[in-house]
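Just below is one structure, and these are the notes that go with it.
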Amino acid sequence: MDRKFSQKRKLECNRKDERDILTGGFGLKAEEILAGYVKEGERVIPPCEKKLQYEGRIDFEEEEGPVWVFPATYVKLRFRGSALRAVVTNQHGYWGNHMGFILDDKEGRAPLSDSGITVIPIGENLGPGEHELCFFKRQDSCHHVIFHGFIGASDFELLDPPPFPNRRMEVYGDSVSAGEVSEAVECCGQPDPEHNGEFSNSYYSYSWLTARKLGARLHDIAQGGAALLDDTGWYSGGTRGEDGSVSDRYTGMETIYDKLRYHLHFSDAKQWNFELYKPHVVIVAIGQNDSNPEDYMAADYDGDKAAHWRERYGKFLLTLRGLYPQAHIICTTTILGHHSNWDRAIDQVCSELKDPRVHHFLYSKNGCGTPGHIRIPEAEQMAEELSTYIESLGEDIWKTVE
């Protein structure tokens, strides 16, 4: 690697102006990591390179490179060159972990080591002309990824990225919003097959499908098993005791929603800066994991526990309204089987708020479409219905949010 080039990039990576907060004031150690894998004549593309286009709620503060936690997080680039590799470190939590990529409209999947660095061959013997790559996180916080950068062939040339869409969306959801088990297409309308994470793909979540239909950016704050409240649902983020031990407990969206990182098995929790991304449309798709360990909404709709949930759900919506006063919030669940009283509760809360920017949306097969996770064809149908509903709210919802 050229020493002058390395020193120049380190100076650029060390700047901390406003643009760096958004696109990478980081990467000093990342370049050192890349140097261990570069071959004679190859080009190093560090993560702080300005022509890389990032999307998602990303932690840019680590010198090793940006940390990706949420599904549908990605980096895009346009380039010329005959070969390209990605270099990442995986922090494994559970399931098997894979990265996804779309190179010139062709999709690929790359398995990751449970720990340590994985070098991913994205493309070899690529033809002349321009190429476009989207390298993305397929799964939720079952693992974290540290993105160290790319290594290109000697003829590699990075081009200006395509402009970001003007429309912006954000989704708060569970495994369905993350695209979990979406690729098990032979099991449409059926329970899940045995799997180890290989069928999960955020690219085919209804969340990302909807965003692509609408031509919108997306932050997908989705976690498999997440309910609204802590100590309910199925997601265990782990809680660190005073003695340093980690004990299991269920972690809800009330804890997750404002975090960059929330899985304490990997690191201490980190807060998200909501000033960095202002969505026009917010989807709140929480309410179907909340029946574990007790389905109190089905058993006693007017009982204290059900009333408490509705109160907290209303407060969560008000919190989002405070963060995004100009955004439209669409409350929903999914077609995954659950008791209709949860949708009844959401409808009641939305009606009582009497806020013209808070909406309740139901799919045609809401709560009764499948006993298993949503597969690609089912997610496409959901995305069609949801995008049609969002478009029915009018073009004014996409006006610039200051």
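We name chains A, B, ... following the order of the structure tokens; residues begin at 1 in each chain, and ligands are numbered from 1 as shown.
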Fill in: Residue neighbourhood stretch 285-288 of chain A, 7 Å, only C-alpha atoms, exclusion window fewer than 2 positions, as a PyMOL selection string
chain A and resi 172-174+227-228+283+290-291+331-333+338+342
Sorted per-residue table, stretch 211-295 of chain A near stretch 190-206 of chain A, closest atoms and distance, 10 Å, only C-alpha atoms, as a Markdown table:
| residue | atom | partner | partner_atom | distance |
| --- | --- | --- | --- | --- |
| A:Ala211 | CA | A:Tyr206 | CA | 8.4 |
| A:Arg212 | CA | A:Tyr206 | CA | 9.8 |
| A:Asp220 | CA | A:Ser202 | CA | 8.9 |
| A:Ala222 | CA | A:Ser202 | CA | 9.7 |
Worksheet item: Which distance in Å separates atom CA of A:Ala226 and atom CA of A:Ser267, to one decimal?
Response: 19.2 Å
Contacts of A:Phe79 at 9 Å or less, counting only C-alpha atoms, minus same-chain residues fewer than 4 places along, as a short mmCIF file (atom, residue, chain, number, x, y, z; two decimals) with all heavy atoms, in the first residue's frame?
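Full text of selection-v5.cif as output:
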data_model
loop_
_atom_site.label_atom_id
_atom_site.label_comp_id
_atom_site.auth_asym_id
_atom_site.auth_seq_id
_atom_site.Cartn_x
_atom_site.Cartn_y
_atom_site.Cartn_z
N GLY A 129 -16.56 -1.07 -17.66
CA GLY A 129 -17.72 -0.21 -17.43
C GLY A 129 -18.01 -0.04 -15.95
O GLY A 129 -17.28 -0.51 -15.08
N GLU A 130 -19.12 0.64 -15.68
CA GLU A 130 -19.49 0.96 -14.31
C GLU A 130 -20.21 -0.21 -13.65
O GLU A 130 -20.96 -0.95 -14.28
CB GLU A 130 -20.40 2.20 -14.28
CG GLU A 130 -19.72 3.47 -14.77
CD GLU A 130 -20.62 4.68 -14.64
OE1 GLU A 130 -21.72 4.54 -14.07
OE2 GLU A 130 -20.21 5.76 -15.10
N HIS A 131 -19.97 -0.34 -12.34
CA HIS A 131 -20.65 -1.34 -11.52
C HIS A 131 -21.25 -0.63 -10.30
O HIS A 131 -20.74 0.41 -9.86
CB HIS A 131 -19.67 -2.42 -11.06
CG HIS A 131 -18.96 -3.11 -12.18
ND1 HIS A 131 -19.56 -4.06 -12.97
CD2 HIS A 131 -17.70 -2.95 -12.66
CE1 HIS A 131 -18.71 -4.48 -13.88
NE2 HIS A 131 -17.56 -3.81 -13.72
N GLU A 132 -22.30 -1.23 -9.78
CA GLU A 132 -22.94 -0.67 -8.58
C GLU A 132 -23.14 -1.77 -7.56
O GLU A 132 -23.62 -2.87 -7.90
CB GLU A 132 -24.27 -0.01 -8.92
CG GLU A 132 -24.89 0.72 -7.73
CD GLU A 132 -26.03 1.65 -8.12
OE1 GLU A 132 -25.91 2.33 -9.16
OE2 GLU A 132 -27.03 1.70 -7.37
N LEU A 133 -22.79 -1.49 -6.32
CA LEU A 133 -22.87 -2.47 -5.24
C LEU A 133 -23.66 -1.91 -4.07
O LEU A 133 -23.46 -0.76 -3.67
CB LEU A 133 -21.47 -2.84 -4.76
CG LEU A 133 -21.40 -3.70 -3.48
CD1 LEU A 133 -21.92 -5.11 -3.75
CD2 LEU A 133 -19.98 -3.74 -2.93
N PHE A 156 -9.06 -0.46 -9.90
CA PHE A 156 -10.27 0.02 -9.22
C PHE A 156 -10.34 1.55 -9.24
O PHE A 156 -9.36 2.24 -8.97
CB PHE A 156 -10.28 -0.46 -7.77
CG PHE A 156 -11.54 -0.09 -7.02
CD1 PHE A 156 -12.64 -0.92 -7.05
CD2 PHE A 156 -11.61 1.10 -6.31
CE1 PHE A 156 -13.81 -0.59 -6.37
CE2 PHE A 156 -12.76 1.44 -5.63
CZ PHE A 156 -13.86 0.59 -5.66
N GLU A 157 -11.53 2.06 -9.55
CA GLU A 157 -11.79 3.51 -9.53
C GLU A 157 -13.17 3.75 -8.90
O GLU A 157 -14.18 3.25 -9.39
CB GLU A 157 -11.77 4.08 -10.94
CG GLU A 157 -12.09 5.57 -10.99
CD GLU A 157 -12.27 6.08 -12.41
OE1 GLU A 157 -12.17 5.27 -13.36
OE2 GLU A 157 -12.55 7.29 -12.57
N LEU A 158 -13.18 4.48 -7.83
CA LEU A 158 -14.44 4.78 -7.14
C LEU A 158 -15.10 5.99 -7.78
O LEU A 158 -14.46 7.02 -8.02
CB LEU A 158 -14.16 5.05 -5.66
CG LEU A 158 -15.35 5.04 -4.70
CD1 LEU A 158 -16.07 3.70 -4.73
CD2 LEU A 158 -14.87 5.35 -3.27
N LEU A 159 -16.41 5.87 -8.05
CA LEU A 159 -17.17 6.93 -8.71
C LEU A 159 -18.11 7.59 -7.73
O LEU A 159 -18.37 7.08 -6.64
CB LEU A 159 -17.96 6.33 -9.88
CG LEU A 159 -17.15 5.52 -10.90
CD1 LEU A 159 -18.08 4.87 -11.91
CD2 LEU A 159 -16.10 6.39 -11.59
N ASP A 160 -18.64 8.73 -8.13
CA ASP A 160 -19.61 9.42 -7.27
C ASP A 160 -20.86 8.55 -7.08
O ASP A 160 -21.34 7.92 -8.03
CB ASP A 160 -20.02 10.76 -7.88
CG ASP A 160 -18.91 11.79 -7.83
OD1 ASP A 160 -18.08 11.71 -6.90
OD2 ASP A 160 -18.86 12.65 -8.72
N PRO A 161 -21.40 8.51 -5.86
CA PRO A 161 -22.59 7.68 -5.62
C PRO A 161 -23.84 8.33 -6.18
O PRO A 161 -23.87 9.53 -6.45
CB PRO A 161 -22.65 7.62 -4.09
CG PRO A 161 -22.06 8.93 -3.65
CD PRO A 161 -20.96 9.22 -4.65
#
Practice prompt. Find the residues near stretch 54-67 of chain A: any atom within 10 Å, counting only C-alpha atoms, skip ones fewer than 4 places away on the same chain, and give them as an NGL selection string.
Written response: :A and (13-14 or 20-34 or 46-48 or 50 or 71-77 or 88-91 or 134-137 or 144-149 or 164 or 170 or 217-221 or 259-261 or 270-274 or 276-277)
Worksheet entry | DSSP strand (DSSP E or B) residues within stretch 142-314 of chain A, as an MDAnalysis selection string | chainID A and resid 143:152 157:159 167:173 216:222 236 239:240 246:247 250 259:261 270:271 281:285
Practice prompt. List every residue of stretch 61-201 of chain A that DSSP, applied to the backbone of this structure, places in alpha helix (DSSP H), and write the result as a PyMOL selection string.
Written response: chain A and resi 175-178
Fill in: stretch 303-314 of chain A surroundings by only C-alpha atoms, 10 Å radius, close-in-sequence under 2 positions cut, as a PyMOL selection string
chain A and resi 228-229+254+286-287+290+294-301+316-319+341-342+345-350+352-353
Item to complete: For A:Asn166, work out the shell of residues within 12 Å, counting only C-alpha atoms and skipping chain neighbours fewer than 3 positions away, then give it as a ChimeraX atom specification.
Response: /A:163,169,211,214-218,277-280,397-401
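Separating atom CA of A:Gly41 from atom CA of A:Ala153 is a distance of 7.4 Å.
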Item to complete: Quick one: everything within 9 Å of A:Thr370, counting only C-alpha atoms, minus sequence neighbours fewer than 2 positions away in the same chain. Send it as a VMD selection string.
Response: chain A and resid 188 to 191 335 to 337 365 367 to 368 372 to 374
Restricting the output to N, CA, C and O atoms, write the selected residues as a tab-separated table (two decimals), in the first residue's frame.
chain	number	residue	atom	x	y	z
A	188	CYS	N	-44.78	-20.70	2.60
A	188	CYS	CA	-45.77	-19.63	2.65
A	188	CYS	C	-47.04	-20.13	3.34
A	188	CYS	O	-47.54	-21.22	3.03
A	189	GLY	N	-47.54	-19.36	4.28
A	189	GLY	CA	-48.76	-19.73	4.99
A	189	GLY	C	-48.59	-20.89	5.95
A	189	GLY	O	-49.59	-21.45	6.41
A	190	GLN	N	-47.34	-21.24	6.25
A	190	GLN	CA	-47.06	-22.39	7.11
A	190	GLN	C	-46.12	-21.98	8.24
A	190	GLN	O	-45.48	-20.94	8.19
A	191	PRO	N	-46.02	-22.85	9.29
A	191	PRO	CA	-45.03	-22.59	10.33
A	191	PRO	C	-43.61	-22.58	9.75
A	191	PRO	O	-43.37	-23.06	8.64
A	335	ILE	N	-49.44	-9.62	9.18
A	335	ILE	CA	-50.34	-10.74	8.89
A	335	ILE	C	-49.98	-11.99	9.70
A	335	ILE	O	-50.70	-12.99	9.64
A	336	LEU	N	-48.88	-11.97	10.45
A	336	LEU	CA	-48.53	-13.08	11.33
A	336	LEU	C	-49.62	-13.26	12.38
A	336	LEU	O	-50.11	-12.28	12.96
A	337	GLY	N	-50.00	-14.50	12.65
A	337	GLY	CA	-51.13	-14.78	13.52
A	337	GLY	C	-51.00	-14.18	14.92
A	337	GLY	O	-49.97	-14.34	15.58
A	365	LYS	N	-55.11	-9.33	5.39
A	365	LYS	CA	-55.05	-10.57	6.17
A	365	LYS	C	-54.42	-10.34	7.53
A	365	LYS	O	-53.73	-11.20	8.08
A	367	GLY	N	-53.18	-10.32	11.02
A	367	GLY	CA	-53.27	-11.23	12.16
A	367	GLY	C	-53.71	-12.63	11.83
A	367	GLY	O	-53.76	-13.48	12.74
A	368	CYS	N	-54.04	-12.93	10.58
A	368	CYS	CA	-54.54	-14.26	10.24
A	368	CYS	C	-53.96	-14.80	8.94
A	368	CYS	O	-54.46	-15.78	8.40
A	372	GLY	N	-46.57	-18.73	10.50
A	372	GLY	CA	-45.12	-18.61	10.49
A	372	GLY	C	-44.69	-17.22	10.06
A	372	GLY	O	-45.52	-16.34	9.84
A	373	HIS	N	-43.38	-17.02	9.96
A	373	HIS	CA	-42.90	-15.72	9.52
A	373	HIS	C	-43.32	-15.45	8.07
A	373	HIS	O	-43.72	-16.35	7.35
A	374	ILE	N	-43.22	-14.19	7.70
A	374	ILE	CA	-43.70	-13.76	6.39
A	374	ILE	C	-42.63	-14.04	5.35
A	374	ILE	O	-41.48	-13.59	5.48
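Going from atom CA of A:Gly100 to atom CA of A:Leu52 covers 16.8 Å.
Comparing the minimum interatomic distances between A:Gly93 and each of A:Glu49, A:Glu380, A:Glu186, A:Asp140, counting only C-alpha atoms, we find that A:Asp140 sits nearest.
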